Amino acid sequence: GDGMINTIIQNSIGEDIALGIIPIGKTNLFANILGITDWRVGCRTLVKPQSTLVDLGTVDERYFTSSIEITPTQGVSYRFLRLFAKRATTKYCPIIMTIVSEETKLKLQTNVVSLLISTIPTTGRYILEDELANKELHIRIKSKPTLHHPTKKNTTIEEISMFSGEKISIESKNGCPIVIDAEPYGKTPVEIGIIPQAFRVIIPKKEWVEQETRGRMVKK
């Protein structure tokens, strides 16, 4: 699972190894990003391995493989795919975020419902190999709604913003809980960066992932 992978990487960074994954944890986001959709694909991948370098994110002196989540409520993890699901009781966290890239420096202030910072694009599709090391952090913010739906009464329009950058700092008055690779970490403020092509992982062939996906669709 993601927690075990994170622990391994903390103690293996800089070593000349390639990490192979058979996903059997409660949260297997990193494996899914690589196209290792279940334990069968994981086993098959290790029999005929091919590897690639992936970016690693950094928060303070800790590495992360896939994502950081900032959530208003302690102990709540949206776990990436459920990040923007509607909740019965919505809480907000006021933050000040600074995003730095080669070309720009952006500072924004907003009330967030949820915030995701990922080392890969949050598209929900199969991630291409060159996207695993594109040297950018991808940010997706769901903000407190301020607009009302033009036709539906008592309905607000969700405000989702997307940014990218190489360095990110986040501040909040009372401190918002942070979840790194599905594990609780601490609270804001926090400094986040990225190390390009920092770690080697074993990945499946693209055609294997496509075959597995087609098989699941047929079963459904």
# chains A, B, ... in the order shown; residues from 1 in each chain; ligands from 1
>>> residues_around(residues="segment 191-193 of chain A", least_positions_apart="3", cutoff="8 Å", atoms="only C-alpha atoms", output="count of residues only")
10
>>> atom_distance(atom1="atom CA of Gln50 of chain A", atom2="atom CA of Ile203 of chain A")
5.9 Å
>>> residues_around(residues="Phe163 of chain A", least_positions_apart="4", cutoff="12 Å", atoms="only C-alpha atoms", output="ChimeraX atom specification")
/A:97-101,104-108,115-118,121-122,136-142,167-168
>>> write_last_selection(atoms="N, CA, C and O atoms", output="mmCIF file, in the first residue's frame")
data_model
loop_
_atom_site.group_PDB
_atom_site.id
_atom_site.type_symbol
_atom_site.label_atom_id
_atom_site.label_comp_id
_atom_site.auth_asym_id
_atom_site.auth_seq_id
_atom_site.Cartn_x
_atom_site.Cartn_y
_atom_site.Cartn_z
ATOM 1 N N MET A 97 -1.500 30.664 -0.177
ATOM 2 C CA MET A 97 -0.611 29.772 -0.928
ATOM 3 C C MET A 97 0.264 30.578 -1.882
ATOM 4 O O MET A 97 -0.221 31.459 -2.587
ATOM 5 N N THR A 98 1.559 30.255 -1.892
ATOM 6 C CA THR A 98 2.485 30.852 -2.847
ATOM 7 C C THR A 98 3.002 29.754 -3.765
ATOM 8 O O THR A 98 3.492 28.730 -3.290
ATOM 9 N N ILE A 99 2.865 29.968 -5.074
ATOM 10 C CA ILE A 99 3.274 28.979 -6.073
ATOM 11 C C ILE A 99 4.378 29.595 -6.926
ATOM 12 O O ILE A 99 4.193 30.656 -7.527
ATOM 13 N N VAL A 100 5.515 28.912 -6.988
ATOM 14 C CA VAL A 100 6.665 29.425 -7.737
ATOM 15 C C VAL A 100 7.003 28.447 -8.863
ATOM 16 O O VAL A 100 7.114 27.243 -8.640
ATOM 17 N N SER A 101 7.159 28.978 -10.081
ATOM 18 C CA SER A 101 7.631 28.193 -11.218
ATOM 19 C C SER A 101 8.760 28.964 -11.892
ATOM 20 O O SER A 101 9.143 30.053 -11.437
ATOM 21 N N THR A 104 6.814 32.259 -13.314
ATOM 22 C CA THR A 104 5.946 33.124 -12.525
ATOM 23 C C THR A 104 6.043 32.829 -11.031
ATOM 24 O O THR A 104 6.531 31.783 -10.608
ATOM 25 N N LYS A 105 5.529 33.775 -10.257
ATOM 26 C CA LYS A 105 5.317 33.600 -8.826
ATOM 27 C C LYS A 105 3.911 34.097 -8.521
ATOM 28 O O LYS A 105 3.586 35.257 -8.774
ATOM 29 N N LEU A 106 3.081 33.209 -7.998
ATOM 30 C CA LEU A 106 1.672 33.521 -7.758
ATOM 31 C C LEU A 106 1.367 33.365 -6.278
ATOM 32 O O LEU A 106 1.747 32.372 -5.659
ATOM 33 N N LYS A 107 0.656 34.345 -5.728
ATOM 34 C CA LYS A 107 0.212 34.270 -4.343
ATOM 35 C C LYS A 107 -1.297 34.402 -4.315
ATOM 36 O O LYS A 107 -1.855 35.328 -4.913
ATOM 37 N N LEU A 108 -1.961 33.463 -3.663
ATOM 38 C CA LEU A 108 -3.422 33.509 -3.612
ATOM 39 C C LEU A 108 -3.915 33.206 -2.206
ATOM 40 O O LEU A 108 -3.256 32.511 -1.435
ATOM 41 N N LEU A 115 -7.797 20.349 -0.889
ATOM 42 C CA LEU A 115 -6.685 20.751 -1.733
ATOM 43 C C LEU A 115 -5.793 19.544 -1.954
ATOM 44 O O LEU A 115 -5.446 18.829 -1.011
ATOM 45 N N LEU A 116 -5.445 19.301 -3.199
ATOM 46 C CA LEU A 116 -4.594 18.173 -3.563
ATOM 47 C C LEU A 116 -3.365 18.673 -4.302
ATOM 48 O O LEU A 116 -3.487 19.477 -5.235
ATOM 49 N N ILE A 117 -2.198 18.232 -3.865
ATOM 50 C CA ILE A 117 -0.948 18.520 -4.568
ATOM 51 C C ILE A 117 -0.334 17.189 -4.958
ATOM 52 O O ILE A 117 -0.074 16.333 -4.113
ATOM 53 N N SER A 118 -0.127 16.996 -6.261
ATOM 54 C CA SER A 118 0.307 15.702 -6.769
ATOM 55 C C SER A 118 1.555 15.853 -7.629
ATOM 56 O O SER A 118 1.780 16.901 -8.246
ATOM 57 N N PRO A 121 -0.215 14.614 -13.163
ATOM 58 C CA PRO A 121 -1.505 15.248 -13.474
ATOM 59 C C PRO A 121 -2.667 14.458 -12.896
ATOM 60 O O PRO A 121 -2.668 13.225 -12.921
ATOM 61 N N THR A 122 -3.673 15.145 -12.382
ATOM 62 C CA THR A 122 -4.825 14.491 -11.765
ATOM 63 C C THR A 122 -5.944 14.343 -12.783
ATOM 64 O O THR A 122 -7.012 14.910 -12.657
ATOM 65 N N GLU A 136 7.005 18.938 -12.389
ATOM 66 C CA GLU A 136 6.076 19.908 -11.848
ATOM 67 C C GLU A 136 5.172 19.287 -10.794
ATOM 68 O O GLU A 136 4.859 18.100 -10.865
ATOM 69 N N LEU A 137 4.767 20.104 -9.847
ATOM 70 C CA LEU A 137 3.725 19.733 -8.906
ATOM 71 C C LEU A 137 2.393 20.226 -9.450
ATOM 72 O O LEU A 137 2.295 21.349 -9.961
ATOM 73 N N HIS A 138 1.387 19.386 -9.368
ATOM 74 C CA HIS A 138 0.073 19.722 -9.904
ATOM 75 C C HIS A 138 -0.884 19.972 -8.733
ATOM 76 O O HIS A 138 -0.997 19.152 -7.828
ATOM 77 N N ILE A 139 -1.561 21.109 -8.766
ATOM 78 C CA ILE A 139 -2.374 21.568 -7.648
ATOM 79 C C ILE A 139 -3.838 21.636 -8.084
ATOM 80 O O ILE A 139 -4.146 22.195 -9.137
ATOM 81 N N ARG A 140 -4.697 21.063 -7.269
ATOM 82 C CA ARG A 140 -6.134 21.139 -7.541
ATOM 83 C C ARG A 140 -6.831 21.598 -6.265
ATOM 84 O O ARG A 140 -6.745 20.950 -5.227
ATOM 85 N N ILE A 141 -7.524 22.707 -6.367
ATOM 86 C CA ILE A 141 -8.156 23.327 -5.208
ATOM 87 C C ILE A 141 -9.661 23.355 -5.394
ATOM 88 O O ILE A 141 -10.161 23.819 -6.420
ATOM 89 N N LYS A 142 -10.371 22.852 -4.403
ATOM 90 C CA LYS A 142 -11.818 23.041 -4.359
ATOM 91 C C LYS A 142 -12.089 24.098 -3.295
ATOM 92 O O LYS A 142 -11.859 23.880 -2.113
ATOM 93 N N LYS A 167 7.688 24.984 -6.602
ATOM 94 C CA LYS A 167 7.772 25.191 -5.157
ATOM 95 C C LYS A 167 6.454 25.770 -4.673
ATOM 96 O O LYS A 167 5.890 26.657 -5.312
ATOM 97 N N ILE A 168 5.988 25.284 -3.532
ATOM 98 C CA ILE A 168 4.706 25.729 -2.995
ATOM 99 C C ILE A 168 4.857 25.941 -1.496
ATOM 100 O O ILE A 168 5.439 25.094 -0.798
#
>>> residues_around(residues="Ser66 of chain A", least_positions_apart="3", cutoff="12 Å", atoms="only C-alpha atoms", output="JSON, numbers by chain")
{"A": [2, 3, 5, 6, 9, 27, 28, 29, 30, 31, 32, 33, 34, 54, 55, 56, 57, 58, 63, 69, 79, 80, 116, 117, 118, 119, 120, 121, 122, 132, 133, 137, 138, 139, 179, 180, 181, 182, 183, 194]}
>>> atom_distance(atom1="atom CA of Thr52 of chain A", atom2="atom CA of Thr7 of chain A")
19.9 Å
>>> atom_distance(atom1="atom CA of Gly175 of chain A", atom2="atom CA of Met4 of chain A")
26.4 Å
